[in-house]
Amino acid sequence: MNKAAYAPPPSKATLGPIAELRNVSKRFGDILAADGLDLSIMSGEFLSFLGPSGCGKTTALRILAGFEAPTTGEVLLDGEIVNDLDPFRRPVNMVFQHYALFPHLTVAQNIGYGLRQRRPRPPRDEIERKVKTALEIVRLEGFEDRRIWEMSGGQQQRVALARAIVNEPKLLLLDEPMAALDRKLRKEMQIELQNIQRRLGMTFILVTHDQEEALSMSDRICIMRDGRIVQTGTPRELYDQPRNRYVAGFVGTSNFFDGVVESVAADQAQVSVKGGIVLAGRAISPVAVGQEVSVSVRPEQIRLERANAADRPGWPVTILNRIFLGEHTEYLVKHESLGEFMVLTPRQAELSDGPFNAGERLMALWEAGGALVLKQD
Amino acid sequence: MRIYAAFVYIFLYLPIGVIALFSFNAGRHASQLQGFSTQWYGKALNNPFVMDALQTSLIVALVSATCASVFGTMAAVALQGIRGPLRTTFDLLIYVAVMIPGIVIGIATLIGLVTLFDQLNPVLAAIWPSGTPPQFSMGYGSLIAAHTLFTMALVIIIIRARLAGMDRALAEASSDLYATPMGTFRQVTLPLIFPAILAGFLLSFTFSFDDFIIAFFVAGSETTLPIYVFSSIRRGVTPEINAIGTLVLAASLILLVTAQVLLRSGRRRG
């Protein structure tokens, strides 16, 4: 999926952000569920809030929907402060985690619900036409008169999506919409959701704890932890330039070697880790001598070589475990001082050098640019 | 254990069975079977006193059950939005209202209303512009009020259970889809709790219709069917009483079963 080829359609209303959070905090009793959130949401983008449960991502979504009023800070929609605007007055719709479809209404009645609340109420044939179009978009033509409980989980999710998009909201909020689906269906829905979003040019905001889901669907991801936004960026930015160890661990997998900064020159830092070993790496954000940091090396950045080239700097390791993944093979290796770490080897490399076996002693090496020096927090 | 259970049921239901059986007695004694006849049903239904009492009972049951359903639903929905000690207090008071013996409610309502009327009637007489001022007294009003108070607690409990089983997200979804709070109540909450409201109505109706103790205290000069049965027993029991009892029992059972079916179906779908 080519992200670069996708340009968001220009917003008719404004060229600025369609929604903004300005230093938004939300307190529930003693718990600070959202802590100083700052975020601009661009028209037509697909943005994800990613984080573990309890990180405040759902609170952020509910503040945008209007179900929670922020304790402090400002929420803006289309340039207007909407802190105290009731949810039913906001041009924002939500797809709920368990869909929250009305059990006493048919599929068509569920989808037309939002349109029927409009004042003045649109004519019947207009509602019918829009409901039909929405059903076509989610590929549920002919299901108009079905009852909700006659539908499968995946179909119910499509109805929930249709019920939201039929209103052409400024923001479409999705609260872990895929959580209740099985793995295969989830993959299909992810692709479909992305297609729908691009086709309609609507602004989608997704809450998820599934990093794969966030990485594959989003234009931008907002990584959250303990009520705060840790880092916001494109999936590539988060992967290549994580702000700290938490982000690097959450977006993709990585090997971390903890240590203390010994020297810094420009953005290159030398870090002293276990066993007196010094690792070099590029510091993403400024670090100081003596600071505790982690050196992060992605498993795919590490090469394993059988030839013991003495002139190349490398780490002698023993292979503990091998997992064949098709295109790649994952090795768990152990260095006597650095400890255990993961290596991901492409099939191409194995064809020339042959598969490595458990117990074999090899050299592990990585380019200087492959190691990142990251702050602990 | 089974035999023991069988004895309990026989002990509980045999007298009721005997009453039903003797309502078909051809003779005029309530303790001596003399062949099958439905003459006592005809007698009961042609007795103007019985029909009068029946009418009073039906009016009281209908009005009080309607009031209890309307106010009970309003209270249950309002309580849903309250948290903390206030909620706990209300919950407690509702359960207390169900548990208090009928005789206590009867006496308390009687004393309360009589005291109130004694205060109000002179005031009303003083401010009445001309002619004979109306007097507050025990009767339909007090009967309906007492029954409403008692059965409303039942309605609240039934509807609260239904509301608790309802997904909160449904009301949120409705609000998210531009429905005002009133619109959400009308289009989402009300249809979903309607089976519970109907069940509450039927239960209230049955309880009011069957009630003797509270009615005995607050009925004033009115005679409900249970009061009529009680007073005619003192003149000697004829199978006519059995026939009335059997009819009331059958009607109550039908209403209770309907209420149960409604509650079940509501749960299954919701």
# chains A, B, ... in the order shown; residues from 1 in each chain; ligands from 1
>>> interface_residues(of="chain B", to="chain A", cutoff="10 Å", atoms="only C-alpha atoms", output="ChimeraX atom specification")
/B:167-181,183-184,187-189,191-192,269-270
>>> write_last_selection(atoms="N, CA and C atoms", output="mmCIF file, in the first residue's frame")
data_model
loop_
_atom_site.group_PDB
_atom_site.id
_atom_site.type_symbol
_atom_site.label_atom_id
_atom_site.label_comp_id
_atom_site.auth_asym_id
_atom_site.auth_seq_id
_atom_site.Cartn_x
_atom_site.Cartn_y
_atom_site.Cartn_z
ATOM 1 N N ASP B 167 -27.348 -2.267 27.246
ATOM 2 C CA ASP B 167 -26.022 -1.738 26.953
ATOM 3 C C ASP B 167 -26.060 -0.203 27.011
ATOM 4 N N ARG B 168 -25.219 0.359 27.875
ATOM 5 C CA ARG B 168 -25.163 1.824 27.996
ATOM 6 C C ARG B 168 -24.787 2.481 26.683
ATOM 7 N N ALA B 169 -24.015 1.742 25.895
ATOM 8 C CA ALA B 169 -23.551 2.293 24.625
ATOM 9 C C ALA B 169 -24.714 2.595 23.682
ATOM 10 N N LEU B 170 -25.860 1.912 23.876
ATOM 11 C CA LEU B 170 -27.002 2.164 22.985
ATOM 12 C C LEU B 170 -27.481 3.603 23.113
ATOM 13 N N ALA B 171 -27.597 4.085 24.352
ATOM 14 C CA ALA B 171 -28.028 5.467 24.557
ATOM 15 C C ALA B 171 -26.965 6.426 24.032
ATOM 16 N N GLU B 172 -25.707 6.052 24.225
ATOM 17 C CA GLU B 172 -24.623 6.902 23.712
ATOM 18 C C GLU B 172 -24.648 6.945 22.192
ATOM 19 N N ALA B 173 -24.877 5.771 21.586
ATOM 20 C CA ALA B 173 -24.918 5.714 20.123
ATOM 21 C C ALA B 173 -26.039 6.605 19.607
ATOM 22 N N SER B 174 -27.180 6.563 20.269
ATOM 23 C CA SER B 174 -28.311 7.385 19.848
ATOM 24 C C SER B 174 -27.956 8.862 19.947
ATOM 25 N N SER B 175 -27.300 9.224 21.041
ATOM 26 C CA SER B 175 -26.895 10.608 21.244
ATOM 27 C C SER B 175 -25.853 11.016 20.203
ATOM 28 N N ASP B 176 -24.964 10.084 19.883
ATOM 29 C CA ASP B 176 -23.935 10.340 18.879
ATOM 30 C C ASP B 176 -24.573 10.546 17.506
ATOM 31 N N LEU B 177 -25.730 9.923 17.293
ATOM 32 C CA LEU B 177 -26.436 10.036 16.012
ATOM 33 C C LEU B 177 -27.481 11.150 16.067
ATOM 34 N N TYR B 178 -27.168 12.190 16.817
ATOM 35 C CA TYR B 178 -27.917 13.456 16.823
ATOM 36 C C TYR B 178 -29.278 13.413 17.510
ATOM 37 N N ALA B 179 -29.600 12.346 18.258
ATOM 38 C CA ALA B 179 -30.887 12.331 18.950
ATOM 39 C C ALA B 179 -30.749 13.105 20.256
ATOM 40 N N THR B 180 -31.726 13.977 20.534
ATOM 41 C CA THR B 180 -31.735 14.706 21.802
ATOM 42 C C THR B 180 -32.020 13.703 22.920
ATOM 43 N N PRO B 181 -31.773 14.078 24.191
ATOM 44 C CA PRO B 181 -32.070 13.139 25.284
ATOM 45 C C PRO B 181 -33.513 12.625 25.222
ATOM 46 N N GLY B 183 -35.363 12.424 22.516
ATOM 47 C CA GLY B 183 -35.431 11.553 21.343
ATOM 48 C C GLY B 183 -34.864 10.177 21.644
ATOM 49 N N THR B 184 -33.759 10.140 22.391
ATOM 50 C CA THR B 184 -33.153 8.870 22.764
ATOM 51 C C THR B 184 -34.103 8.062 23.635
ATOM 52 N N GLN B 187 -37.029 6.843 21.306
ATOM 53 C CA GLN B 187 -36.733 5.946 20.195
ATOM 54 C C GLN B 187 -35.896 4.736 20.583
ATOM 55 N N VAL B 188 -35.167 4.831 21.694
ATOM 56 C CA VAL B 188 -34.296 3.709 22.063
ATOM 57 C C VAL B 188 -34.675 3.116 23.422
ATOM 58 N N THR B 189 -34.648 3.958 24.466
ATOM 59 C CA THR B 189 -34.869 3.422 25.807
ATOM 60 C C THR B 189 -36.273 2.839 25.948
ATOM 61 N N PRO B 191 -38.657 1.777 23.738
ATOM 62 C CA PRO B 191 -38.976 0.507 23.069
ATOM 63 C C PRO B 191 -38.279 -0.690 23.723
ATOM 64 N N LEU B 192 -37.062 -0.459 24.234
ATOM 65 C CA LEU B 192 -36.316 -1.588 24.787
ATOM 66 C C LEU B 192 -36.817 -1.994 26.166
ATOM 67 N N ARG B 269 -34.192 -10.885 23.688
ATOM 68 C CA ARG B 269 -33.890 -10.044 22.540
ATOM 69 C C ARG B 269 -32.864 -8.967 22.830
ATOM 70 N N GLY B 270 -32.970 -8.421 24.039
ATOM 71 C CA GLY B 270 -32.136 -7.259 24.348
ATOM 72 C C GLY B 270 -30.693 -7.617 24.292
#
>>> residues_around(residues="Gln260 of chain B", least_positions_apart="5", cutoff="10 Å", atoms="only C-alpha atoms", output="compact mmCIF listing (two decimals) with N, CA and C atoms, in the first residue's frame")
# COMPACT_ATOMS: atom_id res chain seq x y z
N PRO B 195 -41.35 -4.10 27.26
CA PRO B 195 -41.84 -5.36 27.83
C PRO B 195 -41.82 -5.33 29.36
N ALA B 196 -40.78 -4.71 29.93
CA ALA B 196 -40.69 -4.62 31.39
C ALA B 196 -41.79 -3.72 31.95
N ALA B 199 -44.97 -5.72 31.83
CA ALA B 199 -44.94 -6.73 32.88
C ALA B 199 -45.21 -6.08 34.24
N GLY B 200 -44.60 -4.92 34.46
CA GLY B 200 -44.82 -4.19 35.71
C GLY B 200 -46.27 -3.78 35.86
N LEU B 202 -48.90 -5.32 34.55
CA LEU B 202 -49.73 -6.51 34.83
C LEU B 202 -49.56 -6.95 36.28
N LEU B 203 -48.31 -6.93 36.76
CA LEU B 203 -48.07 -7.31 38.16
C LEU B 203 -48.79 -6.34 39.09
N LEU B 255 -52.60 -13.24 34.22
CA LEU B 255 -51.83 -11.99 34.18
C LEU B 255 -50.38 -12.23 34.59
N SER B 265 -39.08 -12.68 27.20
CA SER B 265 -38.86 -12.33 25.81
C SER B 265 -38.02 -11.06 25.72
N GLY B 266 -38.25 -10.14 26.65
CA GLY B 266 -37.47 -8.91 26.66
C GLY B 266 -36.00 -9.20 26.86
>>> residues_around(residues="Ala76 of chain B", least_positions_apart="6", cutoff="12 Å", atoms="only C-alpha atoms", output="list in words")
Ala68, Ser69, Val70, Ile82, Arg87, Phe90, Asp91, Ile94, Met152, Ala153, Leu154, Val155, Ile156, Ile157, Ile158, Ile159, Arg160, Ala161, Arg162, Leu163, Ala164, Thr189, Leu190, Ile193, Ala196, Ile197 and Gly200 of chain B
>>> write_last_selection(atoms="N, CA and C atoms", output="mmCIF file, in the first residue's frame")
data_model
loop_
_atom_site.group_PDB
_atom_site.id
_atom_site.type_symbol
_atom_site.label_atom_id
_atom_site.label_comp_id
_atom_site.auth_asym_id
_atom_site.auth_seq_id
_atom_site.Cartn_x
_atom_site.Cartn_y
_atom_site.Cartn_z
ATOM 1 N N ALA B 68 -48.795 3.621 38.583
ATOM 2 C CA ALA B 68 -47.553 2.986 39.033
ATOM 3 C C ALA B 68 -46.602 2.780 37.859
ATOM 4 N N SER B 69 -47.127 2.380 36.697
ATOM 5 C CA SER B 69 -46.274 2.138 35.538
ATOM 6 C C SER B 69 -45.643 3.436 35.052
ATOM 7 N N VAL B 70 -46.464 4.489 34.958
ATOM 8 C CA VAL B 70 -45.950 5.765 34.444
ATOM 9 C C VAL B 70 -44.911 6.344 35.409
ATOM 10 N N ILE B 82 -28.338 8.720 38.346
ATOM 11 C CA ILE B 82 -27.821 9.173 39.644
ATOM 12 C C ILE B 82 -26.794 8.167 40.167
ATOM 13 N N ARG B 87 -28.368 7.583 45.348
ATOM 14 C CA ARG B 87 -28.834 6.393 44.646
ATOM 15 C C ARG B 87 -29.050 5.252 45.637
ATOM 16 N N PHE B 90 -32.178 5.765 47.682
ATOM 17 C CA PHE B 90 -33.395 5.466 46.930
ATOM 18 C C PHE B 90 -33.584 3.958 46.766
ATOM 19 N N ASP B 91 -32.481 3.269 46.415
ATOM 20 C CA ASP B 91 -32.560 1.816 46.243
ATOM 21 C C ASP B 91 -33.101 1.156 47.500
ATOM 22 N N ILE B 94 -36.781 1.786 48.114
ATOM 23 C CA ILE B 94 -37.651 1.020 47.210
ATOM 24 C C ILE B 94 -37.827 -0.403 47.728
ATOM 25 N N MET B 152 -45.803 0.777 42.802
ATOM 26 C CA MET B 152 -44.785 1.532 42.071
ATOM 27 C C MET B 152 -43.390 0.995 42.371
ATOM 28 N N ALA B 153 -43.186 0.595 43.620
ATOM 29 C CA ALA B 153 -41.886 0.038 43.995
ATOM 30 C C ALA B 153 -41.583 -1.207 43.171
ATOM 31 N N LEU B 154 -42.613 -2.022 42.948
ATOM 32 C CA LEU B 154 -42.429 -3.228 42.130
ATOM 33 C C LEU B 154 -42.032 -2.862 40.708
ATOM 34 N N VAL B 155 -42.748 -1.898 40.143
ATOM 35 C CA VAL B 155 -42.463 -1.472 38.769
ATOM 36 C C VAL B 155 -41.024 -0.970 38.669
ATOM 37 N N ILE B 156 -40.616 -0.158 39.651
ATOM 38 C CA ILE B 156 -39.254 0.390 39.616
ATOM 39 C C ILE B 156 -38.236 -0.742 39.617
ATOM 40 N N ILE B 157 -38.441 -1.730 40.470
ATOM 41 C CA ILE B 157 -37.479 -2.833 40.562
ATOM 42 C C ILE B 157 -37.402 -3.590 39.238
ATOM 43 N N ILE B 158 -38.557 -3.867 38.641
ATOM 44 C CA ILE B 158 -38.577 -4.614 37.375
ATOM 45 C C ILE B 158 -37.873 -3.820 36.271
ATOM 46 N N ILE B 159 -38.177 -2.527 36.172
ATOM 47 C CA ILE B 159 -37.598 -1.732 35.083
ATOM 48 C C ILE B 159 -36.113 -1.479 35.314
ATOM 49 N N ARG B 160 -35.753 -1.308 36.586
ATOM 50 C CA ARG B 160 -34.329 -1.114 36.884
ATOM 51 C C ARG B 160 -33.511 -2.317 36.426
ATOM 52 N N ALA B 161 -34.066 -3.517 36.653
ATOM 53 C CA ALA B 161 -33.357 -4.734 36.238
ATOM 54 C C ALA B 161 -33.178 -4.734 34.724
ATOM 55 N N ARG B 162 -34.209 -4.308 34.008
ATOM 56 C CA ARG B 162 -34.142 -4.281 32.549
ATOM 57 C C ARG B 162 -33.130 -3.227 32.073
ATOM 58 N N LEU B 163 -33.162 -2.067 32.711
ATOM 59 C CA LEU B 163 -32.233 -0.994 32.331
ATOM 60 C C LEU B 163 -30.790 -1.414 32.597
ATOM 61 N N ALA B 164 -30.594 -2.112 33.711
ATOM 62 C CA ALA B 164 -29.235 -2.541 34.055
ATOM 63 C C ALA B 164 -28.708 -3.525 33.020
ATOM 64 N N THR B 189 -34.648 3.958 24.466
ATOM 65 C CA THR B 189 -34.869 3.422 25.807
ATOM 66 C C THR B 189 -36.273 2.839 25.948
ATOM 67 N N LEU B 190 -37.279 3.633 25.577
ATOM 68 C CA LEU B 190 -38.662 3.197 25.778
ATOM 69 C C LEU B 190 -38.985 1.897 25.036
ATOM 70 N N ILE B 193 -37.352 -1.032 26.935
ATOM 71 C CA ILE B 193 -37.842 -1.407 28.263
ATOM 72 C C ILE B 193 -39.348 -1.640 28.261
ATOM 73 N N ALA B 196 -40.784 -4.709 29.930
ATOM 74 C CA ALA B 196 -40.686 -4.625 31.390
ATOM 75 C C ALA B 196 -41.790 -3.716 31.945
ATOM 76 N N ILE B 197 -42.086 -2.636 31.241
ATOM 77 C CA ILE B 197 -43.154 -1.737 31.705
ATOM 78 C C ILE B 197 -44.492 -2.474 31.702
ATOM 79 N N GLY B 200 -44.604 -4.924 34.463
ATOM 80 C CA GLY B 200 -44.820 -4.193 35.705
ATOM 81 C C GLY B 200 -46.274 -3.781 35.859
#
>>> residues_around(residues="segment 232-245 of chain B", least_positions_apart="2", cutoff="7 Å", atoms="only C-alpha atoms", output="PyMOL selection string")
chain B and resi 19-20+22-23+25+28-30+40-41+43-44+228-230+247-249
>>> residues_around(residues="Ser337 of chain A", least_positions_apart="6", cutoff="8 Å", atoms="only C-alpha atoms", output="list in words")
Lys274, Gly275 and Ile277 of chain A
>>> closest_residue(among="B:Phe207, B:Tyr13, B:Phe216, B:Tyr4", to="Leu149 of chain B", atoms="only C-alpha atoms")
B:Phe207
>>> select_by_dssp(residues="segment 21-139 of chain B", states="helix (DSSP H, G or I)", output="NGL selection string")
:B and (21-22 or 39-46 or 48-80 or 85-99 or 102-127)
>>> residues_around(residues="Leu54 of chain B", least_positions_apart="5", cutoff="9 Å", atoms="only C-alpha atoms", output="list in words")
Phe49, Ile59, Thr223, Thr224, Leu225 and Pro226 of chain B
>>> write_last_selection(atoms="N, CA and C atoms", output="PDB file, in the first residue's frame")
ATOM      1  N   PHE B  49     -74.199  -7.046  44.032  1.00  0.00           N
ATOM      2  CA  PHE B  49     -73.151  -6.639  44.981  1.00  0.00           C
ATOM      3  C   PHE B  49     -71.779  -7.085  44.493  1.00  0.00           C
ATOM      4  N   ILE B  59     -61.603  -0.779  38.535  1.00  0.00           N
ATOM      5  CA  ILE B  59     -61.235   0.630  38.355  1.00  0.00           C
ATOM      6  C   ILE B  59     -59.985   0.960  39.155  1.00  0.00           C
ATOM      7  N   THR B 223     -66.365  -0.780  48.422  1.00  0.00           N
ATOM      8  CA  THR B 223     -66.177  -2.215  48.636  1.00  0.00           C
ATOM      9  C   THR B 223     -65.473  -2.807  47.420  1.00  0.00           C
ATOM     10  N   THR B 224     -64.266  -3.312  47.630  1.00  0.00           N
ATOM     11  CA  THR B 224     -63.584  -4.016  46.548  1.00  0.00           C
ATOM     12  C   THR B 224     -63.976  -5.483  46.634  1.00  0.00           C
ATOM     13  N   LEU B 225     -63.636  -6.241  45.622  1.00  0.00           N
ATOM     14  CA  LEU B 225     -64.032  -7.644  45.583  1.00  0.00           C
ATOM     15  C   LEU B 225     -63.488  -8.429  46.788  1.00  0.00           C
ATOM     16  N   PRO B 226     -62.179  -8.301  47.115  1.00  0.00           N
ATOM     17  CA  PRO B 226     -61.687  -9.033  48.298  1.00  0.00           C
ATOM     18  C   PRO B 226     -62.432  -8.629  49.576  1.00  0.00           C
TER      19      PRO B 226
END
>>> closest_residue(among="A:Val317, A:Met189, A:Val333, A:Leu372", to="Ser294 of chain A", atoms="only C-alpha atoms")
A:Leu372
>>> atom_distance(atom1="atom CA of Leu61 of chain A", atom2="atom CA of Ala179 of chain A")
16.1 Å
>>> select_by_dssp(residues="segment 45-210 of chain A", states="strand (DSSP E)", output="PyMOL selection string")
chain A and resi 46-50+72-77+80-81+92-95+171-175+203-208
>>> atom_distance(atom1="atom CA of Pro346 of chain A", atom2="atom CA of Ser218 of chain A")
26.1 Å
